[in-house]
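Asks: Sharing query_34.txt below, compact mmCIF, C-alpha atoms:
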# COMPACT_ATOMS: atom_id res chain seq x y z
CA MET A 1 36.89 -79.11 157.01
CA THR A 2 36.29 -76.26 159.43
CA ALA A 3 33.06 -74.32 159.90
CA ALA A 4 31.79 -72.35 156.93
CA GLY A 5 33.75 -69.26 155.99
CA ALA A 6 32.47 -65.96 154.68
CA ALA A 7 30.40 -66.23 151.49
CA VAL A 8 32.30 -64.52 148.67
CA THR A 9 31.93 -64.30 144.88
CA LEU A 10 34.38 -63.61 142.06
CA CYS A 11 33.71 -62.91 138.39
CA PHE A 12 36.26 -63.15 135.61
CA LEU A 13 35.26 -61.13 132.55
CA LEU A 14 36.83 -62.65 129.44
CA ARG A 15 37.32 -61.16 125.99
CA ASP A 16 38.97 -62.37 122.82
CA THR A 17 41.52 -60.11 121.14
CA PRO A 18 43.82 -60.62 118.14
CA ASP A 19 46.61 -61.40 120.66
CA GLY A 20 44.55 -64.01 122.54
CA THR A 21 42.03 -64.18 125.38
CA GLU A 22 42.18 -61.55 128.10
CA VAL A 23 40.74 -61.51 131.61
CA LEU A 24 39.77 -58.49 133.69
CA LEU A 25 41.51 -58.44 137.06
CA GLY A 26 42.05 -55.53 139.41
CA LEU A 27 44.65 -53.99 141.66
CA LYS A 28 43.06 -53.99 145.14
CA ARG A 29 43.28 -50.52 146.67
CA THR A 30 41.61 -51.17 150.04
CA GLY A 31 40.85 -53.89 152.58
CA PHE A 32 41.68 -57.58 152.36
CA GLY A 33 44.28 -58.23 149.66
CA ARG A 34 45.29 -54.56 149.34
CA GLY A 35 48.14 -54.18 146.85
CA LYS A 36 47.46 -57.51 145.13
CA VAL A 37 45.97 -58.16 141.69
CA VAL A 38 42.69 -59.98 142.34
CA GLY A 39 39.50 -61.17 140.71
CA ILE A 40 36.53 -58.80 140.69
CA GLY A 41 34.03 -59.57 143.45
CA GLY A 42 33.39 -59.57 147.15
CA HIS A 43 31.12 -60.62 149.99
CA VAL A 44 27.59 -61.90 149.59
CA GLU A 45 25.24 -59.64 151.55
CA PRO A 46 22.40 -61.09 153.67
CA GLY A 47 19.45 -62.03 151.44
CA GLU A 48 21.52 -62.04 148.23
CA SER A 49 22.17 -65.02 146.00
CA HIS A 50 25.73 -65.58 144.78
CA ARG A 51 24.69 -64.35 141.32
CA GLU A 52 23.08 -61.20 142.71
CA ALA A 53 26.18 -60.52 144.81
CA VAL A 54 28.65 -60.94 141.96
CA ILE A 55 26.57 -58.71 139.67
CA ARG A 56 26.48 -56.01 142.38
CA GLU A 57 30.19 -56.36 143.15
CA VAL A 58 31.26 -56.18 139.49
CA PHE A 59 29.20 -53.01 139.06
CA GLU A 60 30.46 -51.41 142.30
CA GLU A 61 34.10 -52.20 141.55
CA THR A 62 34.26 -51.55 137.78
CA GLY A 63 31.03 -49.83 136.65
CA VAL A 64 30.31 -52.81 134.36
CA THR A 65 26.84 -54.38 134.24
CA VAL A 66 26.65 -58.16 133.95
CA ARG A 67 23.27 -59.83 133.42
CA PRO A 68 22.43 -63.06 135.27
CA GLU A 69 22.03 -64.99 132.01
CA ASP A 70 25.58 -64.02 130.97
CA LEU A 71 27.20 -65.56 134.05
CA ALA A 72 28.74 -69.03 133.69
CA ASP A 73 29.21 -71.02 136.90
CA ALA A 74 32.92 -71.86 137.21
CA GLY A 75 32.74 -73.69 140.54
CA ALA A 76 34.03 -72.93 144.01
CA VAL A 77 37.16 -72.43 146.08
CA ARG A 78 37.21 -72.76 149.85
CA PHE A 79 40.06 -70.78 151.39
CA VAL A 80 41.26 -71.94 154.80
CA PHE A 81 43.57 -69.74 156.89
CA PRO A 82 44.53 -71.87 159.94
CA ALA A 83 46.39 -68.94 161.53
CA ARG A 84 43.45 -66.54 160.91
CA PRO A 85 40.20 -68.57 160.77
CA GLU A 86 38.21 -65.33 160.55
CA TRP A 87 39.65 -65.00 157.02
CA ASP A 88 38.22 -68.35 155.84
CA MET A 89 36.11 -67.91 152.69
CA ASP A 90 33.73 -70.00 150.62
CA THR A 91 34.04 -68.47 147.17
CA ARG A 92 31.71 -69.04 144.19
CA LEU A 93 33.34 -68.41 140.84
CA PHE A 94 31.76 -67.08 137.66
CA THR A 95 32.96 -66.09 134.21
CA ALA A 96 31.26 -63.82 131.70
CA ARG A 97 31.93 -63.07 128.06
CA ARG A 98 29.17 -60.47 127.68
CA TRP A 99 28.54 -57.30 129.71
CA LEU A 100 27.55 -53.67 129.31
CA GLY A 101 29.97 -50.77 129.76
CA GLU A 102 33.70 -50.32 129.97
CA PRO A 103 35.63 -51.11 133.16
CA ALA A 104 36.63 -48.03 135.15
CA PRO A 105 38.54 -47.61 138.42
CA SER A 106 36.66 -47.37 141.70
CA GLU A 107 37.74 -46.60 145.27
CA GLU A 108 38.39 -50.33 145.75
CA ILE A 109 39.78 -51.62 142.42
CA VAL A 110 41.87 -50.43 139.49
CA PRO A 111 40.76 -52.81 136.70
CA GLU A 112 43.24 -54.03 134.11
CA TRP A 113 43.09 -56.55 131.26
CA PHE A 114 45.67 -59.35 131.27
CA ARG A 115 46.34 -62.06 128.71
CA THR A 116 45.19 -65.36 130.18
CA SER A 117 48.44 -66.91 128.94
CA SER A 118 50.56 -64.51 131.02
CA LEU A 119 48.83 -63.70 134.31
CA PRO A 120 50.67 -61.43 136.79
CA ALA A 121 51.19 -64.33 139.24
CA ASP A 122 53.94 -62.49 141.14
CA ARG A 123 51.37 -59.78 142.05
CA MET A 124 48.51 -62.16 142.92
CA TRP A 125 47.66 -64.41 145.86
CA GLN A 126 49.83 -67.51 145.51
CA ASP A 127 46.77 -69.81 145.39
CA ALA A 128 45.65 -68.46 141.98
CA ASP A 129 48.02 -70.83 140.16
CA HIS A 130 46.19 -73.77 141.73
CA TRP A 131 42.76 -73.10 140.18
CA LEU A 132 42.53 -69.94 138.05
CA PRO A 133 43.98 -71.38 134.80
CA VAL A 134 41.26 -74.08 134.77
CA VAL A 135 38.54 -71.44 135.21
CA LEU A 136 39.98 -69.20 132.49
CA GLU A 137 40.04 -72.16 130.08
CA GLY A 138 36.29 -72.67 130.61
CA GLY A 139 36.50 -75.43 133.21
CA ARG A 140 34.90 -75.80 136.62
CA VAL A 141 36.73 -76.27 139.90
CA ASN A 142 35.87 -77.38 143.41
CA VAL A 143 39.04 -76.80 145.41
CA VAL A 144 40.05 -76.41 149.05
CA VAL A 145 43.14 -74.23 149.43
CA THR A 146 44.78 -74.22 152.86
CA MET A 147 47.26 -71.43 153.50
CA HIS A 148 50.45 -71.64 155.58
CA THR A 149 50.66 -69.75 158.85
CA ASP A 150 52.23 -66.81 156.96
CA ASN A 151 48.76 -66.33 155.36
CA GLU A 152 50.48 -65.84 151.98
CA SER A 153 51.84 -69.15 150.73
CA VAL A 154 49.83 -72.29 149.99
CA ALA A 155 50.19 -75.23 152.38
CA SER A 156 47.93 -77.51 150.33
CA SER A 157 45.44 -77.50 147.50
CA GLU A 158 42.92 -80.32 147.10
CA SER A 159 40.45 -80.78 144.28
CA LEU A 160 37.12 -82.24 145.38
CA LEU A 161 36.11 -83.09 141.81
CA PRO A 162 36.24 -86.77 140.78
Write the structure described by the file as structure tokens, please.
Replies:
Amino acid sequence: MTAAGAAVTLCFLLRDTPDGTEVLLGLKRTGFGRGKVVGIGGHVEPGESHREAVIREVFEETGVTVRPEDLADAGAVRFVFPARPEWDMDTRLFTARRWLGEPAPSEEIVPEWFRTSSLPADRMWQDADHWLPVVLEGGRVNVVVTMHTDNESVASSESLLP
């Protein structure tokens, strides 16, 4: 494993509807991942815990308030970009089924609800298929995803869980 990557958090808000469970994802408008449908979250700022960071990021990106006690730890994904090591990320994952407010677009994200049974995989990072379904089903992951030199496709995905 290479040196630690940037500390990042993602939160997947989940709700039950008559048609099944839905997850809040967002179309990234700016920066890394622009044009892709992504999880809500971002970088951990100096002095912040992962929980504090994900609460701040969810609010900044969607206007939704998540309380610390409503966050469920869903594990971690380490992203390795051999062709762009500066993109390496150590990502803590959370889910939440309770929050305050309704998601609204921000400068960075256009939030949208998707059925967990039919995620927009063709519009997401290719790695999502390797770990996101487990998280959305209530499981925990500890995965290392190594990207190909094209920085788009997955070269390998390894679970570190027994």
Asks: Name the closest residue to Glu60 (chain A) among the candidates A:Pro111, A:Pro82, A:Gly33, A:Pro120; distances are taken between atoms, counting only C-alpha atoms.
Replies: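 Residue with the minimum atom-to-atom distance to Glu60 (chain A): A:Pro111.
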Asks: Give me, please, the distance in Å between CA of Ala83 (chain A) and CA of Arg29 (chain A), quoted to one decimal.
Replies: 23.9 Å
Asks: Show which residues sit within 9 Å of Arg56 (chain A), as JSON, numbers by chain. Count all atoms listed in the file, and ignore same-chain residues fewer than 6 positions away.
Replies: {"A": [41, 65, 66]}
Asks: Hey, which of A:Phe59, A:Phe79, A:Phe114, A:Trp99 ends up closest to Ser157 (chain A)? Count all atoms listed in the file.
Replies: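 When distances to Ser157 (chain A) are compared using all atoms listed in the file, the smallest one comes from A:Phe79.
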Asks: Would you pick out the contacts of Gly138 (chain A) at 9 Å or less, using only C-alpha atoms, so that residues sharing its chain but fewer than 6 positions from it are not included, and give the list as a list in words?
Replies: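 Once the adjacent positions are removed, what remains is Ala72, Ala74 and Thr95 of chain A.
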Asks: When distances are computed from all atoms listed in the file, which of A:Gln126, A:Thr91, A:Thr116, A:Ser156 shows the smallest separation from Val141 (chain A)?
Replies: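 Between A:Gln126, A:Thr91, A:Thr116, A:Ser156, the residue approaching Val141 (chain A) most closely is A:Thr91.
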Asks: Between A:Gly63, A:Gly20, A:Gly39, A:Pro46, which residue has the minimum interatomic distance to Ser118 (chain A), considering all atoms listed in the file?
Replies: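 Looking at the shortest contact to Ser118 (chain A), the residue is A:Gly20.
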Asks: Which neighbours of Leu93 (chain A) fall inside 6 Å, counting all atoms listed in the file, when residues of the same chain fewer than 4 positions from it are skipped, and could you give them as an NGL selection string?
Replies: :A and (9-10 or 74-76)
Asks: Let me see the file: selected residues, C-alpha atoms, as a compact mmCIF listing (two decimals), keeping the file's coordinate frame.
Replies:
# COMPACT_ATOMS: atom_id res chain seq x y z
CA THR A 9 31.93 -64.30 144.88
CA LEU A 10 34.38 -63.61 142.06
CA ALA A 74 32.92 -71.86 137.21
CA GLY A 75 32.74 -73.69 140.54
CA ALA A 76 34.03 -72.93 144.01
Asks: Looking at A:Val44, A:Met89, A:Val135, A:Ala96, which one is nearest to Cys11 (chain A), with distances taken over all atoms listed in the file?
Replies: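 Checking each of A:Val44, A:Met89, A:Val135, A:Ala96 against Cys11 (chain A), counting all atoms listed in the file, the winner is A:Ala96.
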Asks: From the options A:Leu136, A:Glu112, A:His130, A:Arg92, which residue's atoms come nearest to Ala155 (chain A), counting all atoms listed in the file?
Replies: A:His130
Asks: How many Å separate CA of Arg67 (chain A) from CA of Pro18 (chain A)?
Replies: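 Answer for the CA of Arg67 (chain A) to CA of Pro18 (chain A) separation: 25.6 Å.
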Asks: Go ahead and fit an axis-aligned box to every listed atom of region 84-98 of chain A plus 4 Å each side, and pass me the centre and edge lengths in Å, one decimal, as JSON.
Replies:
{"center_x": 36.3, "center_y": -65.2, "center_z": 144.3, "size_x": 22.3, "size_y": 17.5, "size_z": 41.2}
Asks: Can you find the residues with an atom no farther than 12 Å from (44.1, -71.4, 153.2), counting only C-alpha atoms, and report them as number ranges by chain?
Replies: A: 1-2, 5, 77-90, 125-128, 130, 143-158
Asks: Find the distance between CA of Phe94 (chain A) and CA of Asp73 (chain A) and write it in Å to one decimal.
Replies: 4.8 Å
Asks: Do a neighbour search on Leu119 (chain A) at 10 Å with only C-alpha atoms, toss out local chain neighbours closer than 6 positions, and write the hits as JSON, numbers by chain.
Replies: {"A": [22, 23, 25, 37, 113, 128, 129, 132, 133]}
